[in-house]
Amino acid sequence: MNEELLRSYLDGGISRAVYEKGEEILSGLTEAFAEADRIAEINQLKVLKAMQKNEVAAYHLYGTNGYGHNDIGRDTLEKVYADTFHTEDALVRAQITCGTHALYLALSANLLPGDEVLSPVGRPYDTLEEVIGIRPSMLSLAEYGVSYREVGLLPGSRFDYEGIRAAIGEKTKLIEIQRSKGYSGRNSFSPEEIGELIRFVRSVKPDVIVMVDNCYGEFSREKEPSDYGADMMVGSLIKNPGGGLAPTGGYIAGRADLIERCARRLTAPGLGKELGASLYATAPFMQGFFLAPSVTASAKKAAVFAAALYESLGFPVHPASSMQRNDIIQAVEMGSPAYLEAFCRGIQAAAPIDSFVRPEPSDMAGYADKVIMAAGAFVQGSSIELSADGPLRPPYTVYFQGGLTWPHAKYGILMSLQKLVDAGLTL
């Protein structure tokens, strides 16, 4: 045992028993960590080649103000995204405030009154319920005459192909596939699984638009849903692709005609991609994207470690530590509100920012239940940074994600366990 390292953890509030439990678990994760590094290496070269192909230069890192006319840095960044994700075009903007905004933008730009959107993977993430109009909300798609239909998954997170076939009709204009599990107990889908689903829906209706909510999934595998036929891929820059440096923003990558519609919805008809000042965000956007593969690998290691640690203590975890990772989210069923809150308070206590804050469950815009969130992040709400959250509803599942560096993520996970031990959990 490394006594100097142990002393550092003891000084940081981690007991010897918790530290030793962590080291025991880590000894069995060598192969999983090596796999995360292998995927990061593939994706790092992919991003690097896209930057070199587009001859990214120092002058591209300076921003514009006002209208943002002739913003060559912004335009080059969008070419880098498109080339990395193998799409025709991309919209990467600071004016896109979050992942939900990016999704609303992509949906509202490409759906007209009378059209229907179909989710073949069950109910989408909570914040999309008001966007779609599942829960009535001002300016929802439903208010504009866009209808919604969903097909639930079969046991084992399998696609209900016959149910999907029956649900696709004349009005079905767009298929919305959420890659990550959100606040559900289903699997997060691999790009390959999404590709199989895309092939099936196209066999039923060849001209249907397929949009993938790629939040939390970028760079977790060698390929992306866009490599398997997705027409649009949507995400947030304060998750994986921002690499922890993007101060805000979102992206939509895909078919050029669909992206142009998104740009005109973001700005105005006739303006489109030509407007939208990058201000001073181009450098962190570009550098964050460059770092994203290795940052995502750190987050994946954190997820594997959390899964292995908590499953060894008898907590149901999803995915299991031995399963393939299709995003950076790790779910742990805590079984009680007290344990859910203790876990989140441990993550907060390990944060570099606001470590002294005590998270409490509260009402949050876009969520039906009270939610507890832990995120002592440099960027507000950044879930590529070490963070955890969960709705206050049975089985009181915590959703853990992020970790800009593996050492910090390790400490945070150990601190989450320490808080549970302090609350009465016996190792």
# chains A, B, ... in the order shown; residues from 1 in each chain; ligands from 1
$ select_by_dssp --residues "region 98-223 of chain A" --states "alpha helix (DSSP H)" --output "ChimeraX atom specification"
/A:99-110,126-132,161-167,191-204
$ write_last_selection --atoms "C-alpha atoms" --output "PDB file, in the first residue's frame"
ATOM      1  CA  GLY A  99     -28.995  20.177 -24.622  1.00  0.00           C
ATOM      2  CA  THR A 100     -32.749  20.596 -24.235  1.00  0.00           C
ATOM      3  CA  HIS A 101     -32.573  23.826 -26.231  1.00  0.00           C
ATOM      4  CA  ALA A 102     -30.596  22.076 -28.977  1.00  0.00           C
ATOM      5  CA  LEU A 103     -33.193  19.307 -29.130  1.00  0.00           C
ATOM      6  CA  TYR A 104     -36.090  21.780 -29.242  1.00  0.00           C
ATOM      7  CA  LEU A 105     -34.277  23.679 -31.977  1.00  0.00           C
ATOM      8  CA  ALA A 106     -33.770  20.565 -34.105  1.00  0.00           C
ATOM      9  CA  LEU A 107     -37.347  19.381 -33.600  1.00  0.00           C
ATOM     10  CA  SER A 108     -39.136  22.703 -34.084  1.00  0.00           C
ATOM     11  CA  ALA A 109     -37.042  23.589 -37.148  1.00  0.00           C
ATOM     12  CA  ASN A 110     -37.914  20.388 -38.953  1.00  0.00           C
ATOM     13  CA  ASP A 126     -37.971  14.552 -18.350  1.00  0.00           C
ATOM     14  CA  THR A 127     -37.113  17.979 -19.769  1.00  0.00           C
ATOM     15  CA  LEU A 128     -38.402  16.972 -23.226  1.00  0.00           C
ATOM     16  CA  GLU A 129     -41.890  16.280 -21.886  1.00  0.00           C
ATOM     17  CA  GLU A 130     -42.735  19.991 -21.896  1.00  0.00           C
ATOM     18  CA  VAL A 131     -40.884  20.543 -25.177  1.00  0.00           C
ATOM     19  CA  ILE A 132     -43.086  17.946 -26.869  1.00  0.00           C
ATOM     20  CA  TYR A 161     -40.110  -3.660 -34.096  1.00  0.00           C
ATOM     21  CA  GLU A 162     -43.695  -4.699 -34.773  1.00  0.00           C
ATOM     22  CA  GLY A 163     -44.997  -1.953 -32.508  1.00  0.00           C
ATOM     23  CA  ILE A 164     -42.779   0.560 -34.283  1.00  0.00           C
ATOM     24  CA  ARG A 165     -43.951  -0.624 -37.695  1.00  0.00           C
ATOM     25  CA  ALA A 166     -47.564  -0.166 -36.623  1.00  0.00           C
ATOM     26  CA  ALA A 167     -46.874   3.287 -35.158  1.00  0.00           C
ATOM     27  CA  PRO A 191     -24.284   3.393 -32.055  1.00  0.00           C
ATOM     28  CA  GLU A 192     -24.594  -0.059 -33.609  1.00  0.00           C
ATOM     29  CA  GLU A 193     -27.975  -0.676 -31.970  1.00  0.00           C
ATOM     30  CA  ILE A 194     -29.163   2.737 -33.088  1.00  0.00           C
ATOM     31  CA  GLY A 195     -27.978   1.861 -36.593  1.00  0.00           C
ATOM     32  CA  GLU A 196     -30.106  -1.286 -36.591  1.00  0.00           C
ATOM     33  CA  LEU A 197     -33.128   0.753 -35.522  1.00  0.00           C
ATOM     34  CA  ILE A 198     -32.463   3.351 -38.229  1.00  0.00           C
ATOM     35  CA  ARG A 199     -32.281   0.661 -40.918  1.00  0.00           C
ATOM     36  CA  PHE A 200     -35.597  -0.744 -39.742  1.00  0.00           C
ATOM     37  CA  VAL A 201     -37.527   2.561 -39.663  1.00  0.00           C
ATOM     38  CA  ARG A 202     -36.154   3.436 -43.106  1.00  0.00           C
ATOM     39  CA  SER A 203     -37.383   0.090 -44.429  1.00  0.00           C
ATOM     40  CA  VAL A 204     -40.847   1.144 -43.249  1.00  0.00           C
TER      41      VAL A 204
END
$ residues_around --residues "Gly272 (chain A)" --least-positions-apart "2" --cutoff "10 Å" --atoms "only C-alpha atoms" --output "short mmCIF file (atom, residue, chain, number, x, y, z; two decimals) with N, CA and C atoms, in the first residue's frame"
data_model
loop_
_atom_site.label_atom_id
_atom_site.label_comp_id
_atom_site.auth_asym_id
_atom_site.auth_seq_id
_atom_site.Cartn_x
_atom_site.Cartn_y
_atom_site.Cartn_z
N ILE A 259 -29.71 21.12 -41.15
CA ILE A 259 -28.93 22.05 -40.33
C ILE A 259 -29.24 23.49 -40.70
N GLU A 260 -29.46 23.76 -41.98
CA GLU A 260 -29.82 25.11 -42.39
C GLU A 260 -31.16 25.53 -41.78
N ARG A 261 -32.10 24.62 -41.72
CA ARG A 261 -33.37 24.92 -41.08
C ARG A 261 -33.16 25.23 -39.59
N CYS A 262 -32.30 24.46 -38.95
CA CYS A 262 -31.99 24.70 -37.53
C CYS A 262 -31.37 26.08 -37.34
N ALA A 263 -30.46 26.46 -38.24
CA ALA A 263 -29.81 27.77 -38.14
C ALA A 263 -30.81 28.89 -38.31
N ARG A 264 -31.75 28.73 -39.23
CA ARG A 264 -32.77 29.77 -39.43
C ARG A 264 -33.74 29.84 -38.27
N ARG A 265 -33.99 28.72 -37.61
CA ARG A 265 -34.83 28.75 -36.41
C ARG A 265 -34.09 29.44 -35.27
N LEU A 266 -32.77 29.23 -35.20
CA LEU A 266 -31.99 29.85 -34.14
C LEU A 266 -31.89 31.36 -34.32
N THR A 267 -31.70 31.81 -35.56
CA THR A 267 -31.56 33.24 -35.83
C THR A 267 -32.87 33.78 -36.40
N ALA A 268 -33.05 33.71 -37.72
CA ALA A 268 -34.27 34.17 -38.37
C ALA A 268 -34.26 33.71 -39.82
N PRO A 269 -35.43 33.57 -40.44
CA PRO A 269 -35.47 33.25 -41.87
C PRO A 269 -34.67 34.27 -42.67
N GLY A 270 -33.84 33.78 -43.58
CA GLY A 270 -33.01 34.65 -44.39
C GLY A 270 -31.65 34.94 -43.78
N GLU A 274 -25.19 32.64 -41.04
CA GLU A 274 -24.30 33.78 -41.23
C GLU A 274 -24.21 34.66 -39.99
N LEU A 275 -25.22 34.60 -39.12
CA LEU A 275 -25.22 35.44 -37.94
C LEU A 275 -25.01 34.60 -36.68
N GLY A 276 -24.56 35.28 -35.62
CA GLY A 276 -24.32 34.61 -34.35
C GLY A 276 -22.87 34.80 -33.93
#
$ atom_distance --atom1 "CA of Met211 (chain A)" --atom2 "CA of Asp327 (chain A)"
17.3 Å
$ atom_distance --atom1 "CA of Phe400 (chain A)" --atom2 "CA of Val421 (chain A)"
18.2 Å
$ residues_around --residues "region 293-305 of chain A" --least-positions-apart "4" --cutoff "7 Å" --atoms "only C-alpha atoms" --output "VMD selection string"
chain A and resid 26 33 36 to 37 40 43 to 44 219 to 220 240 243 309 321 328 to 330 401 to 406 409 to 410
$ write_last_selection --atoms "N, CA and C atoms" --output "mmCIF file, in the first residue's frame"
data_model
loop_
_atom_site.group_PDB
_atom_site.id
_atom_site.type_symbol
_atom_site.label_atom_id
_atom_site.label_comp_id
_atom_site.auth_asym_id
_atom_site.auth_seq_id
_atom_site.Cartn_x
_atom_site.Cartn_y
_atom_site.Cartn_z
ATOM 1 N N LEU A 26 -10.288 -1.416 -7.478
ATOM 2 C CA LEU A 26 -9.472 -0.948 -8.607
ATOM 3 C C LEU A 26 -8.547 -2.032 -9.149
ATOM 4 N N PHE A 33 -10.118 -0.185 -17.886
ATOM 5 C CA PHE A 33 -9.445 1.108 -18.034
ATOM 6 C C PHE A 33 -8.633 1.147 -19.325
ATOM 7 N N ALA A 36 -10.984 1.874 -22.190
ATOM 8 C CA ALA A 36 -11.346 3.292 -22.247
ATOM 9 C C ALA A 36 -10.235 4.106 -22.902
ATOM 10 N N ASP A 37 -8.995 3.788 -22.589
ATOM 11 C CA ASP A 37 -7.859 4.505 -23.181
ATOM 12 C C ASP A 37 -7.736 4.205 -24.672
ATOM 13 N N ALA A 40 -10.311 6.241 -26.480
ATOM 14 C CA ALA A 40 -9.906 7.647 -26.456
ATOM 15 C C ALA A 40 -8.832 7.927 -27.500
ATOM 16 N N ASN A 43 -10.448 8.168 -30.950
ATOM 17 C CA ASN A 43 -11.203 9.410 -31.107
ATOM 18 C C ASN A 43 -10.310 10.644 -31.097
ATOM 19 N N GLN A 44 -9.215 10.585 -30.346
ATOM 20 C CA GLN A 44 -8.294 11.721 -30.340
ATOM 21 C C GLN A 44 -7.710 11.955 -31.728
ATOM 22 N N PHE A 219 -17.987 10.263 -28.015
ATOM 23 C CA PHE A 219 -16.636 9.751 -27.802
ATOM 24 C C PHE A 219 -16.561 8.597 -26.805
ATOM 25 N N SER A 220 -17.713 8.046 -26.405
ATOM 26 C CA SER A 220 -17.661 6.893 -25.510
ATOM 27 C C SER A 220 -17.422 5.598 -26.278
ATOM 28 N N ASN A 240 -19.948 15.929 -22.896
ATOM 29 C CA ASN A 240 -18.713 15.348 -23.451
ATOM 30 C C ASN A 240 -17.953 16.229 -24.438
ATOM 31 N N GLY A 243 -15.406 19.091 -23.441
ATOM 32 C CA GLY A 243 -14.153 18.771 -22.773
ATOM 33 C C GLY A 243 -13.938 19.495 -21.457
ATOM 34 N N LEU A 309 -17.618 -0.661 -7.447
ATOM 35 C CA LEU A 309 -17.597 -0.424 -6.006
ATOM 36 C C LEU A 309 -18.966 -0.675 -5.393
ATOM 37 N N SER A 321 -20.538 -3.210 -13.990
ATOM 38 C CA SER A 321 -19.154 -2.805 -14.263
ATOM 39 C C SER A 321 -18.540 -3.560 -15.437
ATOM 40 N N ILE A 328 -21.557 8.037 -20.512
ATOM 41 C CA ILE A 328 -20.766 8.216 -19.292
ATOM 42 C C ILE A 328 -21.611 8.101 -18.024
ATOM 43 N N ILE A 329 -22.897 7.763 -18.157
ATOM 44 C CA ILE A 329 -23.788 7.761 -16.999
ATOM 45 C C ILE A 329 -23.751 6.420 -16.276
ATOM 46 N N GLN A 330 -23.684 6.502 -14.948
ATOM 47 C CA GLN A 330 -23.774 5.314 -14.110
ATOM 48 C C GLN A 330 -24.942 5.484 -13.141
ATOM 49 N N GLN A 401 -22.158 10.933 -13.130
ATOM 50 C CA GLN A 401 -21.443 11.097 -14.390
ATOM 51 C C GLN A 401 -20.306 12.092 -14.229
ATOM 52 N N GLY A 402 -19.395 12.018 -15.178
ATOM 53 C CA GLY A 402 -18.355 13.038 -15.291
ATOM 54 C C GLY A 402 -17.078 12.726 -14.545
ATOM 55 N N GLY A 403 -16.179 13.687 -14.634
ATOM 56 C CA GLY A 403 -14.852 13.572 -14.040
ATOM 57 C C GLY A 403 -13.821 14.047 -15.037
ATOM 58 N N LEU A 404 -13.415 15.317 -14.911
ATOM 59 C CA LEU A 404 -12.440 15.855 -15.872
ATOM 60 C C LEU A 404 -11.120 15.107 -15.797
ATOM 61 N N THR A 405 -10.771 14.654 -14.593
ATOM 62 C CA THR A 405 -9.566 13.839 -14.416
ATOM 63 C C THR A 405 -9.933 12.610 -13.601
ATOM 64 N N TRP A 406 -9.251 11.513 -13.883
ATOM 65 C CA TRP A 406 -9.524 10.286 -13.143
ATOM 66 C C TRP A 406 -9.205 10.432 -11.653
ATOM 67 N N ALA A 409 -12.095 12.119 -9.971
ATOM 68 C CA ALA A 409 -13.279 11.265 -9.987
ATOM 69 C C ALA A 409 -13.167 10.163 -8.936
ATOM 70 N N LYS A 410 -11.997 9.578 -8.817
ATOM 71 C CA LYS A 410 -11.780 8.535 -7.811
ATOM 72 C C LYS A 410 -12.071 9.075 -6.413
#
$ residues_around --residues "Gly235 (chain A)" --least-positions-apart "4" --cutoff "6 Å" --atoms "only C-alpha atoms" --output "list in words"
Gly99, Asn214, Cys215, Gly250 and Tyr251 of chain A
$ select_by_dssp --residues "region 205-307 of chain A" --states "strand (DSSP E)" --output "list of chain:residue names"
A:Ile209, A:Val210, A:Met211, A:Val212, A:Asp213, A:Met232, A:Met233, A:Val234, A:Gly235, A:Ser236, A:Gly250, A:Tyr251, A:Ile252, A:Ala253, A:Gly254
$ write_last_selection --atoms "N, CA and C atoms" --output "short mmCIF file (atom, residue, chain, number, x, y, z; two decimals), in the first residue's frame"
data_model
loop_
_atom_site.label_atom_id
_atom_site.label_comp_id
_atom_site.auth_asym_id
_atom_site.auth_seq_id
_atom_site.Cartn_x
_atom_site.Cartn_y
_atom_site.Cartn_z
N ILE A 209 -37.17 11.44 -41.19
CA ILE A 209 -35.97 12.05 -40.60
C ILE A 209 -35.67 11.35 -39.29
N VAL A 210 -34.41 10.98 -39.08
CA VAL A 210 -34.01 10.34 -37.83
C VAL A 210 -33.07 11.28 -37.07
N MET A 211 -33.49 11.66 -35.87
CA MET A 211 -32.70 12.53 -35.00
C MET A 211 -32.29 11.75 -33.76
N VAL A 212 -31.03 11.83 -33.40
CA VAL A 212 -30.53 11.14 -32.21
C VAL A 212 -30.12 12.16 -31.16
N ASP A 213 -30.69 12.02 -29.97
CA ASP A 213 -30.23 12.78 -28.82
C ASP A 213 -28.97 12.08 -28.33
N MET A 232 -29.67 13.71 -38.03
CA MET A 232 -29.22 14.76 -37.12
C MET A 232 -28.76 14.12 -35.81
N MET A 233 -27.72 14.70 -35.23
CA MET A 233 -27.19 14.26 -33.96
C MET A 233 -27.06 15.52 -33.10
N VAL A 234 -27.60 15.46 -31.90
CA VAL A 234 -27.76 16.66 -31.08
C VAL A 234 -27.11 16.46 -29.73
N GLY A 235 -26.45 17.52 -29.21
CA GLY A 235 -25.84 17.41 -27.90
C GLY A 235 -25.50 18.76 -27.29
N SER A 236 -24.99 18.70 -26.08
CA SER A 236 -24.64 19.88 -25.30
C SER A 236 -23.12 20.01 -25.19
N GLY A 250 -24.32 24.40 -27.49
CA GLY A 250 -24.81 23.12 -27.95
C GLY A 250 -24.49 22.93 -29.41
N TYR A 251 -24.72 21.72 -29.91
CA TYR A 251 -24.42 21.45 -31.33
C TYR A 251 -25.52 20.60 -31.94
N ILE A 252 -25.66 20.74 -33.24
CA ILE A 252 -26.48 19.85 -34.07
C ILE A 252 -25.64 19.54 -35.30
N ALA A 253 -25.40 18.27 -35.56
CA ALA A 253 -24.62 17.86 -36.73
C ALA A 253 -25.46 16.93 -37.59
N GLY A 254 -25.36 17.11 -38.91
CA GLY A 254 -26.16 16.23 -39.76
C GLY A 254 -26.27 16.69 -41.20
#
$ closest_residue --among "A:Thr87, A:Asn54, A:Ser184, A:Ser157" --to "Leu258 (chain A)" --atoms "only C-alpha atoms"
A:Thr87
$ atom_distance --atom1 "CA of His86 (chain A)" --atom2 "CA of Asn70 (chain A)"
24.2 Å
$ closest_atom_pairs --of "region 62-177 of chain A" --to "region 282-286 of chain A" --cutoff "8 Å" --atoms "only C-alpha atoms" --output "CSV"
residue,atom,partner,partner_atom,distance
A:Tyr62,CA,A:Thr282,CA,6.6
A:Gly63,CA,A:Thr282,CA,6.0
A:Gly73,CA,A:Thr282,CA,6.5
A:Arg74,CA,A:Thr282,CA,6.4
A:Leu77,CA,A:Met286,CA,6.5
$ closest_residue --among "A:Pro113, A:Gly22, A:Gly28, A:Gly185" --to "His318 (chain A)" --atoms "only C-alpha atoms"
A:Gly185
$ residues_around --residues "Lys79 (chain A)" --least-positions-apart "5" --cutoff "9 Å" --atoms "only C-alpha atoms" --output "VMD selection string"
chain A and resid 50 to 51 54 74 84 88 to 90
$ residues_around --residues "Asp354 (chain A)" --least-positions-apart "6" --cutoff "12 Å" --atoms "only C-alpha atoms" --output "JSON, numbers by chain"
{"A": [345, 347, 348, 374, 375, 376, 377, 378, 379, 380]}
$ write_last_selection --atoms "C-alpha atoms" --output "short mmCIF file (atom, residue, chain, number, x, y, z; two decimals), in the first residue's frame"
data_model
loop_
_atom_site.label_atom_id
_atom_site.label_comp_id
_atom_site.auth_asym_id
_atom_site.auth_seq_id
_atom_site.Cartn_x
_atom_site.Cartn_y
_atom_site.Cartn_z
CA ARG A 345 -23.48 15.19 -0.67
CA ILE A 347 -19.87 14.18 -4.61
CA GLN A 348 -20.44 17.83 -3.64
CA ALA A 374 -24.45 17.71 -6.82
CA ALA A 375 -22.16 19.64 -9.13
CA GLY A 376 -19.32 21.72 -7.77
CA ALA A 377 -18.28 22.61 -11.30
CA PHE A 378 -16.23 25.33 -12.96
CA VAL A 379 -19.04 25.63 -15.54
CA GLN A 380 -22.53 25.82 -14.08
#
$ residues_around --residues "Tyr19 (chain A)" --least-positions-apart "6" --cutoff "9 Å" --atoms "only C-alpha atoms" --output "short mmCIF file (atom, residue, chain, number, x, y, z; two decimals) with C-alpha atoms, in the first residue's frame"
data_model
loop_
_atom_site.label_atom_id
_atom_site.label_comp_id
_atom_site.auth_asym_id
_atom_site.auth_seq_id
_atom_site.Cartn_x
_atom_site.Cartn_y
_atom_site.Cartn_z
CA LEU A 6 -3.21 6.85 1.94
CA TYR A 9 -6.88 10.46 1.42
CA LEU A 10 -7.05 10.35 5.21
CA LEU A 414 -14.77 7.38 -2.42
#
$ closest_residue --among "A:Ala58, A:Tyr183, A:Leu386, A:Tyr411" --to "Leu5 (chain A)" --atoms "only C-alpha atoms"
A:Tyr411
$ closest_residue --among "A:Ser362, A:Asn326, A:Ser147, A:Gln287" --to "Ser180 (chain A)" --atoms "only C-alpha atoms"
A:Asn326
